[in-house]
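Student: Contents of upload.cif (mmCIF, N, CA and C atoms):
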data_final
loop_
_atom_site.label_atom_id
_atom_site.label_comp_id
_atom_site.auth_asym_id
_atom_site.auth_seq_id
_atom_site.Cartn_x
_atom_site.Cartn_y
_atom_site.Cartn_z
N MET C 1 5.85 -14.92 -17.02
CA MET C 1 4.93 -13.93 -16.48
C MET C 1 5.35 -12.56 -17.00
N THR C 2 4.40 -11.80 -17.51
CA THR C 2 4.71 -10.49 -18.07
C THR C 2 5.00 -9.50 -16.94
N ASP C 3 5.66 -8.39 -17.29
CA ASP C 3 5.92 -7.34 -16.31
C ASP C 3 4.62 -6.83 -15.70
N ARG C 4 3.61 -6.64 -16.52
CA ARG C 4 2.33 -6.12 -16.02
C ARG C 4 1.74 -7.06 -14.96
N VAL C 5 1.77 -8.34 -15.21
CA VAL C 5 1.25 -9.32 -14.24
C VAL C 5 2.08 -9.27 -12.96
N LYS C 6 3.41 -9.21 -13.09
CA LYS C 6 4.28 -9.12 -11.91
C LYS C 6 3.93 -7.88 -11.08
N LEU C 7 3.76 -6.76 -11.73
CA LEU C 7 3.46 -5.51 -11.02
C LEU C 7 2.09 -5.57 -10.36
N GLU C 8 1.11 -6.14 -11.05
CA GLU C 8 -0.22 -6.24 -10.45
C GLU C 8 -0.22 -7.17 -9.24
N LYS C 9 0.59 -8.23 -9.29
CA LYS C 9 0.73 -9.10 -8.12
C LYS C 9 1.39 -8.35 -6.97
N MET C 10 2.33 -7.47 -7.28
CA MET C 10 2.98 -6.66 -6.24
C MET C 10 1.99 -5.69 -5.61
N VAL C 11 1.12 -5.11 -6.44
CA VAL C 11 0.08 -4.21 -5.91
C VAL C 11 -0.82 -4.98 -4.96
N ASP C 12 -1.25 -6.16 -5.36
CA ASP C 12 -2.10 -6.99 -4.49
C ASP C 12 -1.39 -7.34 -3.19
N ALA C 13 -0.10 -7.67 -3.27
CA ALA C 13 0.66 -8.01 -2.06
C ALA C 13 0.83 -6.78 -1.16
N PHE C 14 1.01 -5.61 -1.77
CA PHE C 14 1.13 -4.37 -0.99
C PHE C 14 -0.14 -4.17 -0.16
N PHE C 15 -1.28 -4.21 -0.81
CA PHE C 15 -2.54 -4.03 -0.08
C PHE C 15 -2.78 -5.18 0.90
N GLY C 16 -2.48 -6.39 0.49
CA GLY C 16 -2.70 -7.56 1.33
C GLY C 16 -1.88 -7.56 2.61
N ALA C 17 -0.78 -6.82 2.62
CA ALA C 17 0.06 -6.76 3.83
C ALA C 17 -0.71 -6.15 4.99
N PHE C 18 -1.69 -5.32 4.69
CA PHE C 18 -2.43 -4.61 5.73
C PHE C 18 -3.73 -5.34 6.05
N THR C 19 -3.57 -6.51 6.64
CA THR C 19 -4.69 -7.35 7.03
C THR C 19 -4.44 -7.79 8.46
N SER C 20 -5.41 -7.57 9.32
CA SER C 20 -5.25 -8.00 10.70
C SER C 20 -5.43 -9.51 10.80
N GLY C 21 -5.05 -10.06 11.95
CA GLY C 21 -5.22 -11.49 12.16
C GLY C 21 -3.94 -12.27 11.95
N GLU C 22 -4.08 -13.56 11.86
CA GLU C 22 -2.95 -14.48 11.72
C GLU C 22 -2.05 -14.08 10.55
N GLY C 23 -0.73 -14.11 10.76
CA GLY C 23 0.23 -13.91 9.67
C GLY C 23 0.64 -12.48 9.40
N VAL C 24 0.35 -11.55 10.30
CA VAL C 24 0.71 -10.14 10.07
C VAL C 24 2.21 -10.00 9.83
N ALA C 25 3.02 -10.55 10.70
CA ALA C 25 4.48 -10.40 10.58
C ALA C 25 4.98 -10.93 9.24
N GLU C 26 4.46 -12.05 8.81
CA GLU C 26 4.88 -12.63 7.54
C GLU C 26 4.48 -11.74 6.36
N ARG C 27 3.26 -11.21 6.39
CA ARG C 27 2.81 -10.32 5.30
C ARG C 27 3.64 -9.04 5.27
N LEU C 28 3.98 -8.51 6.43
CA LEU C 28 4.79 -7.29 6.47
C LEU C 28 6.23 -7.57 6.04
N ASP C 29 6.73 -8.78 6.28
CA ASP C 29 8.05 -9.15 5.75
C ASP C 29 8.03 -9.19 4.23
N VAL C 30 6.93 -9.68 3.65
CA VAL C 30 6.78 -9.65 2.19
C VAL C 30 6.81 -8.20 1.71
N LEU C 31 6.13 -7.33 2.42
CA LEU C 31 6.14 -5.91 2.06
C LEU C 31 7.56 -5.36 2.06
N ARG C 32 8.34 -5.70 3.07
CA ARG C 32 9.74 -5.25 3.13
C ARG C 32 10.51 -5.71 1.90
N GLN C 33 10.22 -6.91 1.42
CA GLN C 33 10.90 -7.44 0.24
C GLN C 33 10.46 -6.72 -1.03
N LEU C 34 9.24 -6.21 -1.05
CA LEU C 34 8.74 -5.50 -2.23
C LEU C 34 9.34 -4.10 -2.36
N LEU C 35 9.70 -3.50 -1.24
CA LEU C 35 10.18 -2.13 -1.20
C LEU C 35 11.71 -2.08 -1.30
N ILE C 36 12.24 -1.10 -2.02
CA ILE C 36 13.68 -0.87 -1.93
C ILE C 36 13.95 -0.27 -0.55
N PRO C 37 15.14 -0.47 0.02
CA PRO C 37 15.41 0.04 1.36
C PRO C 37 15.22 1.55 1.50
N GLN C 38 15.39 2.30 0.42
CA GLN C 38 15.26 3.76 0.45
C GLN C 38 13.87 4.26 0.05
N ALA C 39 12.90 3.37 -0.05
CA ALA C 39 11.56 3.76 -0.49
C ALA C 39 10.97 4.85 0.41
N VAL C 40 10.13 5.66 -0.20
CA VAL C 40 9.44 6.74 0.50
C VAL C 40 7.95 6.48 0.42
N ILE C 41 7.27 6.54 1.56
CA ILE C 41 5.83 6.35 1.61
C ILE C 41 5.22 7.60 2.23
N VAL C 42 4.17 8.14 1.59
CA VAL C 42 3.60 9.42 2.02
C VAL C 42 2.09 9.30 2.19
N ARG C 43 1.60 9.76 3.33
CA ARG C 43 0.17 9.88 3.59
C ARG C 43 -0.16 11.37 3.59
N THR C 44 -1.17 11.76 2.80
CA THR C 44 -1.58 13.17 2.77
C THR C 44 -2.87 13.34 3.58
N CYS C 45 -4.00 12.92 3.05
CA CYS C 45 -5.29 12.87 3.76
C CYS C 45 -5.73 14.21 4.34
N GLY C 46 -5.45 15.29 3.62
CA GLY C 46 -5.99 16.60 3.98
C GLY C 46 -5.17 17.41 4.96
N GLY C 47 -4.13 16.85 5.50
CA GLY C 47 -3.29 17.57 6.45
C GLY C 47 -1.88 17.69 5.94
N GLU C 48 -0.98 18.04 6.84
CA GLU C 48 0.43 18.07 6.48
C GLU C 48 0.86 16.66 6.11
N PRO C 49 1.52 16.46 4.98
CA PRO C 49 1.92 15.12 4.59
C PRO C 49 2.83 14.46 5.63
N ALA C 50 2.59 13.19 5.87
CA ALA C 50 3.46 12.39 6.73
C ALA C 50 4.34 11.56 5.80
N VAL C 51 5.64 11.72 5.92
CA VAL C 51 6.60 11.05 5.05
C VAL C 51 7.34 10.01 5.87
N TYR C 52 7.33 8.76 5.37
CA TYR C 52 7.91 7.63 6.08
C TYR C 52 9.00 6.96 5.27
N GLY C 53 9.99 6.44 5.98
CA GLY C 53 10.90 5.45 5.42
C GLY C 53 10.26 4.08 5.62
N VAL C 54 10.90 3.04 5.15
CA VAL C 54 10.30 1.71 5.18
C VAL C 54 9.94 1.27 6.60
N GLU C 55 10.90 1.26 7.52
CA GLU C 55 10.61 0.78 8.87
C GLU C 55 9.72 1.74 9.65
N ASP C 56 9.87 3.05 9.42
CA ASP C 56 8.99 4.02 10.08
C ASP C 56 7.54 3.84 9.66
N PHE C 57 7.34 3.33 8.46
CA PHE C 57 6.01 3.07 7.94
C PHE C 57 5.46 1.74 8.48
N ILE C 58 6.28 0.70 8.46
CA ILE C 58 5.81 -0.63 8.80
C ILE C 58 5.62 -0.82 10.30
N ALA C 59 6.56 -0.38 11.12
CA ALA C 59 6.55 -0.69 12.56
C ALA C 59 5.24 -0.31 13.26
N PRO C 60 4.73 0.92 13.12
CA PRO C 60 3.48 1.24 13.82
C PRO C 60 2.28 0.48 13.27
N ARG C 61 2.30 0.14 12.01
CA ARG C 61 1.20 -0.63 11.43
C ARG C 61 1.21 -2.07 11.95
N GLN C 62 2.39 -2.60 12.17
CA GLN C 62 2.47 -3.94 12.73
C GLN C 62 1.88 -3.94 14.15
N VAL C 63 2.23 -2.94 14.94
CA VAL C 63 1.69 -2.84 16.30
C VAL C 63 0.17 -2.74 16.25
N LEU C 64 -0.34 -1.90 15.35
CA LEU C 64 -1.78 -1.71 15.22
C LEU C 64 -2.48 -2.99 14.76
N LEU C 65 -1.91 -3.66 13.75
CA LEU C 65 -2.54 -4.86 13.20
C LEU C 65 -2.48 -6.05 14.16
N GLU C 66 -1.49 -6.07 15.03
CA GLU C 66 -1.35 -7.18 15.97
C GLU C 66 -1.87 -6.85 17.37
N GLY C 67 -2.19 -5.58 17.63
CA GLY C 67 -2.49 -5.14 18.98
C GLY C 67 -3.85 -5.49 19.53
N GLY C 68 -4.79 -5.87 18.68
CA GLY C 68 -6.11 -6.27 19.16
C GLY C 68 -7.17 -5.18 19.16
N THR C 69 -6.77 -3.91 19.00
CA THR C 69 -7.79 -2.85 18.95
C THR C 69 -8.34 -2.66 17.53
N LEU C 70 -7.60 -3.15 16.54
CA LEU C 70 -8.04 -3.11 15.14
C LEU C 70 -8.25 -4.55 14.71
N THR C 71 -9.50 -4.91 14.42
CA THR C 71 -9.83 -6.28 14.05
C THR C 71 -10.56 -6.31 12.71
N ASP C 72 -10.53 -7.47 12.10
CA ASP C 72 -11.21 -7.68 10.82
C ASP C 72 -10.83 -6.60 9.80
N PHE C 73 -9.59 -6.15 9.85
CA PHE C 73 -9.14 -5.08 8.96
C PHE C 73 -8.50 -5.66 7.72
N ARG C 74 -8.78 -4.99 6.61
CA ARG C 74 -8.08 -5.30 5.36
C ARG C 74 -8.18 -4.11 4.42
N GLU C 75 -7.24 -4.04 3.50
CA GLU C 75 -7.25 -3.06 2.43
C GLU C 75 -7.19 -3.82 1.12
N TRP C 76 -7.77 -3.24 0.06
CA TRP C 76 -7.73 -3.90 -1.24
C TRP C 76 -7.87 -2.86 -2.35
N ALA C 77 -7.29 -3.20 -3.48
CA ALA C 77 -7.42 -2.35 -4.67
C ALA C 77 -8.82 -2.54 -5.24
N VAL C 78 -9.49 -1.45 -5.52
CA VAL C 78 -10.82 -1.49 -6.14
C VAL C 78 -10.66 -1.49 -7.65
N GLY C 79 -9.75 -0.70 -8.15
CA GLY C 79 -9.49 -0.63 -9.58
C GLY C 79 -8.32 0.30 -9.81
N GLY C 80 -7.61 0.07 -10.89
CA GLY C 80 -6.46 0.92 -11.17
C GLY C 80 -5.87 0.60 -12.51
N SER C 81 -4.82 1.32 -12.83
CA SER C 81 -4.13 1.10 -14.09
C SER C 81 -2.62 1.13 -13.86
N THR C 82 -1.92 0.37 -14.67
CA THR C 82 -0.48 0.27 -14.57
C THR C 82 0.13 0.75 -15.88
N GLU C 83 1.13 1.60 -15.77
CA GLU C 83 1.88 2.05 -16.94
C GLU C 83 3.33 1.63 -16.75
N ILE C 84 3.93 1.13 -17.82
CA ILE C 84 5.32 0.68 -17.78
C ILE C 84 6.07 1.36 -18.91
N TRP C 85 7.24 1.85 -18.58
CA TRP C 85 8.12 2.41 -19.61
C TRP C 85 9.54 2.06 -19.22
N GLY C 86 10.17 1.18 -19.98
CA GLY C 86 11.53 0.76 -19.69
C GLY C 86 11.62 0.13 -18.31
N ASP C 87 12.42 0.75 -17.45
CA ASP C 87 12.66 0.21 -16.13
C ASP C 87 11.91 0.96 -15.03
N ILE C 88 10.88 1.71 -15.40
CA ILE C 88 10.02 2.37 -14.42
C ILE C 88 8.57 2.02 -14.71
N ALA C 89 7.78 2.04 -13.65
CA ALA C 89 6.35 1.74 -13.80
C ALA C 89 5.59 2.46 -12.70
N HIS C 90 4.28 2.55 -12.90
CA HIS C 90 3.43 3.29 -11.99
C HIS C 90 2.06 2.65 -11.94
N TRP C 91 1.53 2.48 -10.74
CA TRP C 91 0.14 2.04 -10.57
C TRP C 91 -0.62 3.19 -9.93
N TRP C 92 -1.77 3.50 -10.49
CA TRP C 92 -2.63 4.56 -9.97
C TRP C 92 -4.02 3.97 -9.84
N GLY C 93 -4.61 4.07 -8.64
CA GLY C 93 -5.93 3.49 -8.52
C GLY C 93 -6.64 3.83 -7.23
N THR C 94 -7.84 3.31 -7.17
CA THR C 94 -8.71 3.47 -6.01
C THR C 94 -8.55 2.26 -5.11
N TYR C 95 -8.59 2.50 -3.80
CA TYR C 95 -8.54 1.39 -2.87
C TYR C 95 -9.60 1.59 -1.80
N ALA C 96 -9.88 0.51 -1.09
CA ALA C 96 -10.85 0.56 0.00
C ALA C 96 -10.24 -0.14 1.20
N LYS C 97 -10.79 0.19 2.36
CA LYS C 97 -10.38 -0.48 3.59
C LYS C 97 -11.58 -0.59 4.50
N ALA C 98 -11.56 -1.62 5.33
CA ALA C 98 -12.66 -1.85 6.26
C ALA C 98 -12.12 -2.60 7.46
N GLY C 99 -12.77 -2.39 8.58
CA GLY C 99 -12.38 -3.08 9.80
C GLY C 99 -13.19 -2.60 10.97
N THR C 100 -12.75 -2.99 12.14
CA THR C 100 -13.37 -2.56 13.39
C THR C 100 -12.25 -2.06 14.29
N GLN C 101 -12.36 -0.81 14.72
CA GLN C 101 -11.35 -0.25 15.62
C GLN C 101 -12.02 0.17 16.91
N ASN C 102 -11.50 -0.36 18.02
CA ASN C 102 -12.09 -0.09 19.34
C ASN C 102 -13.58 -0.40 19.33
N ASP C 103 -13.94 -1.53 18.72
CA ASP C 103 -15.31 -2.03 18.65
C ASP C 103 -16.24 -1.19 17.77
N VAL C 104 -15.68 -0.30 16.95
CA VAL C 104 -16.49 0.53 16.05
C VAL C 104 -16.15 0.16 14.60
N PRO C 105 -17.11 -0.43 13.86
CA PRO C 105 -16.86 -0.77 12.46
C PRO C 105 -16.67 0.49 11.61
N PHE C 106 -15.82 0.39 10.59
CA PHE C 106 -15.61 1.52 9.68
C PHE C 106 -15.26 1.01 8.30
N THR C 107 -15.48 1.87 7.32
CA THR C 107 -15.03 1.65 5.95
C THR C 107 -14.51 2.98 5.44
N ALA C 108 -13.62 2.91 4.46
CA ALA C 108 -13.08 4.13 3.85
C ALA C 108 -12.56 3.77 2.47
N ARG C 109 -12.40 4.80 1.65
CA ARG C 109 -11.84 4.65 0.31
C ARG C 109 -10.87 5.78 0.07
N GLY C 110 -10.02 5.58 -0.92
CA GLY C 110 -9.08 6.62 -1.28
C GLY C 110 -8.39 6.28 -2.59
N LYS C 111 -7.40 7.07 -2.89
CA LYS C 111 -6.57 6.85 -4.09
C LYS C 111 -5.14 6.61 -3.63
N LYS C 112 -4.47 5.74 -4.37
CA LYS C 112 -3.08 5.44 -4.05
C LYS C 112 -2.27 5.41 -5.33
N THR C 113 -1.03 5.85 -5.22
CA THR C 113 -0.09 5.76 -6.31
C THR C 113 1.11 4.95 -5.82
N ILE C 114 1.56 4.02 -6.65
CA ILE C 114 2.72 3.20 -6.31
C ILE C 114 3.68 3.28 -7.49
N GLN C 115 4.93 3.63 -7.20
CA GLN C 115 5.96 3.71 -8.23
C GLN C 115 6.91 2.53 -8.10
N PHE C 116 7.31 2.00 -9.23
CA PHE C 116 8.19 0.83 -9.29
C PHE C 116 9.43 1.14 -10.10
N ILE C 117 10.51 0.45 -9.75
CA ILE C 117 11.73 0.47 -10.57
C ILE C 117 12.18 -0.96 -10.77
N ARG C 118 12.80 -1.20 -11.91
CA ARG C 118 13.37 -2.52 -12.17
C ARG C 118 14.80 -2.52 -11.62
N THR C 119 15.10 -3.48 -10.74
CA THR C 119 16.43 -3.62 -10.18
C THR C 119 17.04 -4.91 -10.70
N THR C 120 18.27 -5.19 -10.30
CA THR C 120 18.89 -6.46 -10.71
C THR C 120 18.16 -7.65 -10.10
N GLU C 121 17.41 -7.42 -9.00
CA GLU C 121 16.62 -8.50 -8.39
C GLU C 121 15.19 -8.55 -8.93
N GLY C 122 14.84 -7.64 -9.83
CA GLY C 122 13.48 -7.58 -10.37
C GLY C 122 12.79 -6.29 -9.96
N TRP C 123 11.50 -6.21 -10.19
CA TRP C 123 10.73 -5.01 -9.87
C TRP C 123 10.65 -4.82 -8.37
N ARG C 124 10.78 -3.55 -7.93
CA ARG C 124 10.63 -3.19 -6.52
C ARG C 124 9.87 -1.87 -6.45
N ILE C 125 9.23 -1.65 -5.32
CA ILE C 125 8.51 -0.39 -5.08
C ILE C 125 9.50 0.65 -4.58
N SER C 126 9.52 1.80 -5.24
CA SER C 126 10.41 2.89 -4.82
C SER C 126 9.66 3.97 -4.06
N ALA C 127 8.34 4.06 -4.26
CA ALA C 127 7.56 5.09 -3.58
C ALA C 127 6.08 4.74 -3.62
N ALA C 128 5.36 5.24 -2.63
CA ALA C 128 3.90 5.11 -2.59
C ALA C 128 3.35 6.33 -1.88
N ALA C 129 2.17 6.75 -2.29
CA ALA C 129 1.50 7.88 -1.63
C ALA C 129 0.00 7.65 -1.72
N TRP C 130 -0.72 8.17 -0.70
CA TRP C 130 -2.17 8.02 -0.73
C TRP C 130 -2.87 9.19 -0.10
N ASP C 131 -4.14 9.31 -0.49
CA ASP C 131 -5.04 10.30 0.07
C ASP C 131 -6.40 9.62 0.20
N ASP C 132 -7.08 9.85 1.31
CA ASP C 132 -8.38 9.23 1.55
C ASP C 132 -9.52 10.20 1.29
N GLU C 133 -10.68 9.62 0.99
CA GLU C 133 -11.88 10.43 0.81
C GLU C 133 -12.17 11.22 2.09
N ARG C 134 -12.78 12.37 1.88
CA ARG C 134 -13.24 13.23 2.97
C ARG C 134 -14.23 14.21 2.36
N PRO C 135 -14.93 15.00 3.15
CA PRO C 135 -15.88 15.95 2.57
C PRO C 135 -15.21 16.81 1.49
N GLY C 136 -15.82 16.81 0.33
CA GLY C 136 -15.29 17.56 -0.80
C GLY C 136 -14.30 16.81 -1.66
N LEU C 137 -13.91 15.61 -1.25
CA LEU C 137 -12.96 14.82 -2.02
C LEU C 137 -13.42 13.37 -2.01
N THR C 138 -13.97 12.92 -3.15
CA THR C 138 -14.45 11.55 -3.24
C THR C 138 -13.84 10.87 -4.44
N THR C 139 -13.82 9.55 -4.40
CA THR C 139 -13.24 8.76 -5.50
C THR C 139 -14.22 8.56 -6.64
N ALA C 140 -15.48 8.89 -6.43
CA ALA C 140 -16.51 8.68 -7.47
C ALA C 140 -16.40 9.68 -8.58
#
Let me see whether you can do it: turn the structure in this file into structure tokens.

Tutor:
Amino acid sequence: MTDRVKLEKMVDAFFGAFTSGEGVAERLDVLRQLLIPQAVIVRTCGGEPAVYGVEDFIAPRQVLLEGGTLTDFREWAVGGSTEIWGDIAHWWGTYAKAGTQNDVPFTARGKKTIQFIRTTEGWRISAAAWDDERPGLTTA
């Protein structure tokens, strides 16, 4: 399997971790395996950036995905590109999400960047950041 294929599978697994329903804990454990322990995850979305460590990022999402107020939720890559140079790589692309929260259906789109490093155990995610569409900022 080429590095590009490995990285694209990691991108799919990253997005796939955020799916409500059966198997949330298992998918989030896969996410933990994809991330280096010191990974940094950042949400911007028009406000002050929220900066998370691995567990600070995963724990509240697990509660939300398993709690019953967010149903039929999933995120997925719409399109993107991967660049590899030596032992570093980067995925940049558009993503979408949809679900029902508190009985109200919603959809959204945004852009996400995922940075990878090659470790002795293989490729791992070292950082991710995203921003969602809002008035004046669209992915189109």

Student: Can you tell me which residues surround Phe15 of chain C at a distance of at most 9 Å, considering only C-alpha atoms, apart from same-chain residues fewer than 4 positions away, and format the answer as a list in words?

Tutor: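 In the requested format, the answer is Met10, Val11, Thr19, Arg74, Glu75, Trp76, Ala77 and Tyr95 of chain C.
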
Student: Would you please work out which residue, of C:Ser126, C:Ser81, C:Thr2, C:Thr113, is nearest to Leu31 of chain C when using only C-alpha atoms?

Tutor: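 Looking only at the distances to Leu31 of chain C, the closest residue turns out to be C:Ser126.
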
Student: On this structure, which residues satisfy the PyMOL selection byres ((chain C and resi 100) around 6), written as a PDB file with N, CA and C atoms, in the coordinates of the input?

Tutor:
ATOM      1  N   THR C  69      -6.770  -3.910  19.000  1.00  0.00           N
ATOM      2  CA  THR C  69      -7.790  -2.850  18.950  1.00  0.00           C
ATOM      3  C   THR C  69      -8.340  -2.660  17.530  1.00  0.00           C
ATOM      4  N   LEU C  70      -7.600  -3.150  16.540  1.00  0.00           N
ATOM      5  CA  LEU C  70      -8.040  -3.110  15.140  1.00  0.00           C
ATOM      6  C   LEU C  70      -8.250  -4.550  14.710  1.00  0.00           C
ATOM      7  N   THR C  71      -9.500  -4.910  14.420  1.00  0.00           N
ATOM      8  CA  THR C  71      -9.830  -6.280  14.050  1.00  0.00           C
ATOM      9  C   THR C  71     -10.560  -6.310  12.710  1.00  0.00           C
ATOM     10  N   ASP C  72     -10.530  -7.470  12.100  1.00  0.00           N
ATOM     11  CA  ASP C  72     -11.210  -7.680  10.820  1.00  0.00           C
ATOM     12  C   ASP C  72     -10.830  -6.600   9.800  1.00  0.00           C
ATOM     13  N   PHE C  73      -9.590  -6.150   9.850  1.00  0.00           N
ATOM     14  CA  PHE C  73      -9.140  -5.080   8.960  1.00  0.00           C
ATOM     15  C   PHE C  73      -8.500  -5.660   7.720  1.00  0.00           C
ATOM     16  N   ALA C  98     -11.560  -1.620   5.330  1.00  0.00           N
ATOM     17  CA  ALA C  98     -12.660  -1.850   6.260  1.00  0.00           C
ATOM     18  C   ALA C  98     -12.120  -2.600   7.460  1.00  0.00           C
ATOM     19  N   GLY C  99     -12.770  -2.390   8.580  1.00  0.00           N
ATOM     20  CA  GLY C  99     -12.380  -3.080   9.800  1.00  0.00           C
ATOM     21  C   GLY C  99     -13.190  -2.600  10.970  1.00  0.00           C
ATOM     22  N   GLN C 101     -12.360  -0.810  14.720  1.00  0.00           N
ATOM     23  CA  GLN C 101     -11.350  -0.250  15.620  1.00  0.00           C
ATOM     24  C   GLN C 101     -12.020   0.170  16.910  1.00  0.00           C
ATOM     25  N   ASN C 102     -11.500  -0.360  18.020  1.00  0.00           N
ATOM     26  CA  ASN C 102     -12.090  -0.090  19.340  1.00  0.00           C
ATOM     27  C   ASN C 102     -13.580  -0.400  19.330  1.00  0.00           C
ATOM     28  N   ASP C 103     -13.940  -1.530  18.720  1.00  0.00           N
ATOM     29  CA  ASP C 103     -15.310  -2.030  18.650  1.00  0.00           C
ATOM     30  C   ASP C 103     -16.240  -1.190  17.770  1.00  0.00           C
ATOM     31  N   VAL C 104     -15.680  -0.300  16.950  1.00  0.00           N
ATOM     32  CA  VAL C 104     -16.490   0.530  16.050  1.00  0.00           C
ATOM     33  C   VAL C 104     -16.150   0.160  14.600  1.00  0.00           C
ATOM     34  N   PRO C 105     -17.110  -0.430  13.860  1.00  0.00           N
ATOM     35  CA  PRO C 105     -16.860  -0.770  12.460  1.00  0.00           C
ATOM     36  C   PRO C 105     -16.670   0.490  11.610  1.00  0.00           C
ATOM     37  N   PHE C 106     -15.820   0.390  10.590  1.00  0.00           N
ATOM     38  CA  PHE C 106     -15.610   1.520   9.680  1.00  0.00           C
ATOM     39  C   PHE C 106     -15.260   1.010   8.300  1.00  0.00           C
TER      40      PHE C 106
END

Student: Using DSSP on the backbone, list every residue of segment 47-130 of chain C that comes out as helix (DSSP H, G or I), and give them as a ChimeraX atom specification.

Tutor: /C:54-66

Student: With the PyMOL selection byres ((chain C and resi 41) around 6.5) as the selection, what would be picked from this file? Answer as a list in words, please.

Tutor: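 On this input, the PyMOL selection byres ((chain C and resi 41) around 6.5) captures Ala39, Val40, Val42, Arg43, Ala50, Val51, Tyr52, Gly53, Val54, Ala127, Ala128 and Ala129 of chain C.
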
Student: Give me the result of the PyMOL selection byres (((chain C and resi 36 and name CA) around 7) and name CA) on this file, residue by residue, as a PyMOL selection string.

Tutor: chain C and resi 34-35+37-39+124-126

Student: In Å to one decimal, how far is atom CA of Asp87 of chain C from atom CA of Asp29 of chain C?

Tutor: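 Value for the atom CA of Asp29 of chain C-atom CA of Asp87 of chain C distance: 24.2 Å.
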
Student: Quick one: of C:Gly110, C:Phe116, C:Met1, C:Gln62, who's nearest to Trp91 of chain C, counting all atoms listed in the file?

Tutor: C:Phe116

Student: Atom N of Lys111 of chain C and atom C of Pro49 of chain C, how far apart in Å?

Tutor: 15.2 Å

Student: Taking all atoms listed in the file into account, name the residue in C:Gly80, C:Thr119, C:Arg27, C:Leu65 that is nearest to Ala13 of chain C.

Tutor: C:Arg27

Student: Please measure the separation of atom C of Ala96 of chain C and atom CA of Arg118 of chain C, giving the value in Å to one decimal.

Tutor: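 Separation of atom C of Ala96 of chain C and atom CA of Arg118 of chain C: 27.2 Å.
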
Student: Of the residues C:Lys6, C:Arg32, C:Arg134, C:His90, which is the one nearest to Arg109 of chain C, using only N, CA and C atoms?

Tutor: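 The answer is C:Arg134, which sits nearest to Arg109 of chain C.
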
Student: Using only C-alpha atoms, what residues lie at most 8 Å away from (2.4, -4.9, -15.5) (file coordinates), given as a ChimeraX atom specification?

Tutor: /C:2-8,82-84,89

Student: Let's see if you can do this: from backbone DSSP, list all strand (DSSP E) residues in segment 1-139 of chain C, as number ranges by chain.

Tutor: C: 35-43, 50-52, 70-85, 88-101, 104-119, 122-132

Student: Take segment 34-44 of chain C, model N, CA, C and O atoms, and hand the result over as a PDB file, in the frame of the given file.

Tutor:
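part08.pdb, written as the output of this step:
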ATOM      1  N   LEU C  34       9.240  -6.210  -1.050  1.00  0.00           N
ATOM      2  CA  LEU C  34       8.740  -5.500  -2.230  1.00  0.00           C
ATOM      3  C   LEU C  34       9.340  -4.100  -2.360  1.00  0.00           C
ATOM      4  O   LEU C  34       9.433  -3.574  -3.459  1.00  0.00           O
ATOM      5  N   LEU C  35       9.700  -3.500  -1.240  1.00  0.00           N
ATOM      6  CA  LEU C  35      10.180  -2.130  -1.200  1.00  0.00           C
ATOM      7  C   LEU C  35      11.710  -2.080  -1.300  1.00  0.00           C
ATOM      8  O   LEU C  35      12.390  -2.913  -0.694  1.00  0.00           O
ATOM      9  N   ILE C  36      12.240  -1.100  -2.020  1.00  0.00           N
ATOM     10  CA  ILE C  36      13.680  -0.870  -1.930  1.00  0.00           C
ATOM     11  C   ILE C  36      13.950  -0.270  -0.550  1.00  0.00           C
ATOM     12  O   ILE C  36      13.064   0.359   0.046  1.00  0.00           O
ATOM     13  N   PRO C  37      15.140  -0.470   0.020  1.00  0.00           N
ATOM     14  CA  PRO C  37      15.410   0.040   1.360  1.00  0.00           C
ATOM     15  C   PRO C  37      15.220   1.550   1.500  1.00  0.00           C
ATOM     16  O   PRO C  37      14.898   2.046   2.583  1.00  0.00           O
ATOM     17  N   GLN C  38      15.390   2.300   0.420  1.00  0.00           N
ATOM     18  CA  GLN C  38      15.260   3.760   0.450  1.00  0.00           C
ATOM     19  C   GLN C  38      13.870   4.260   0.050  1.00  0.00           C
ATOM     20  O   GLN C  38      13.671   5.454  -0.143  1.00  0.00           O
ATOM     21  N   ALA C  39      12.900   3.370  -0.050  1.00  0.00           N
ATOM     22  CA  ALA C  39      11.560   3.760  -0.490  1.00  0.00           C
ATOM     23  C   ALA C  39      10.970   4.850   0.410  1.00  0.00           C
ATOM     24  O   ALA C  39      11.268   4.923   1.601  1.00  0.00           O
ATOM     25  N   VAL C  40      10.130   5.660  -0.200  1.00  0.00           N
ATOM     26  CA  VAL C  40       9.440   6.740   0.500  1.00  0.00           C
ATOM     27  C   VAL C  40       7.950   6.480   0.420  1.00  0.00           C
ATOM     28  O   VAL C  40       7.417   6.230  -0.671  1.00  0.00           O
ATOM     29  N   ILE C  41       7.270   6.540   1.560  1.00  0.00           N
ATOM     30  CA  ILE C  41       5.830   6.350   1.610  1.00  0.00           C
ATOM     31  C   ILE C  41       5.220   7.600   2.230  1.00  0.00           C
ATOM     32  O   ILE C  41       5.703   8.084   3.261  1.00  0.00           O
ATOM     33  N   VAL C  42       4.170   8.140   1.590  1.00  0.00           N
ATOM     34  CA  VAL C  42       3.600   9.420   2.020  1.00  0.00           C
ATOM     35  C   VAL C  42       2.090   9.300   2.190  1.00  0.00           C
ATOM     36  O   VAL C  42       1.397   8.817   1.295  1.00  0.00           O
ATOM     37  N   ARG C  43       1.600   9.760   3.330  1.00  0.00           N
ATOM     38  CA  ARG C  43       0.170   9.880   3.590  1.00  0.00           C
ATOM     39  C   ARG C  43      -0.160  11.370   3.590  1.00  0.00           C
ATOM     40  O   ARG C  43       0.465  12.160   4.294  1.00  0.00           O
ATOM     41  N   THR C  44      -1.170  11.760   2.800  1.00  0.00           N
ATOM     42  CA  THR C  44      -1.580  13.170   2.770  1.00  0.00           C
ATOM     43  C   THR C  44      -2.870  13.340   3.580  1.00  0.00           C
ATOM     44  O   THR C  44      -2.837  13.856   4.663  1.00  0.00           O
TER      45      THR C  44
END
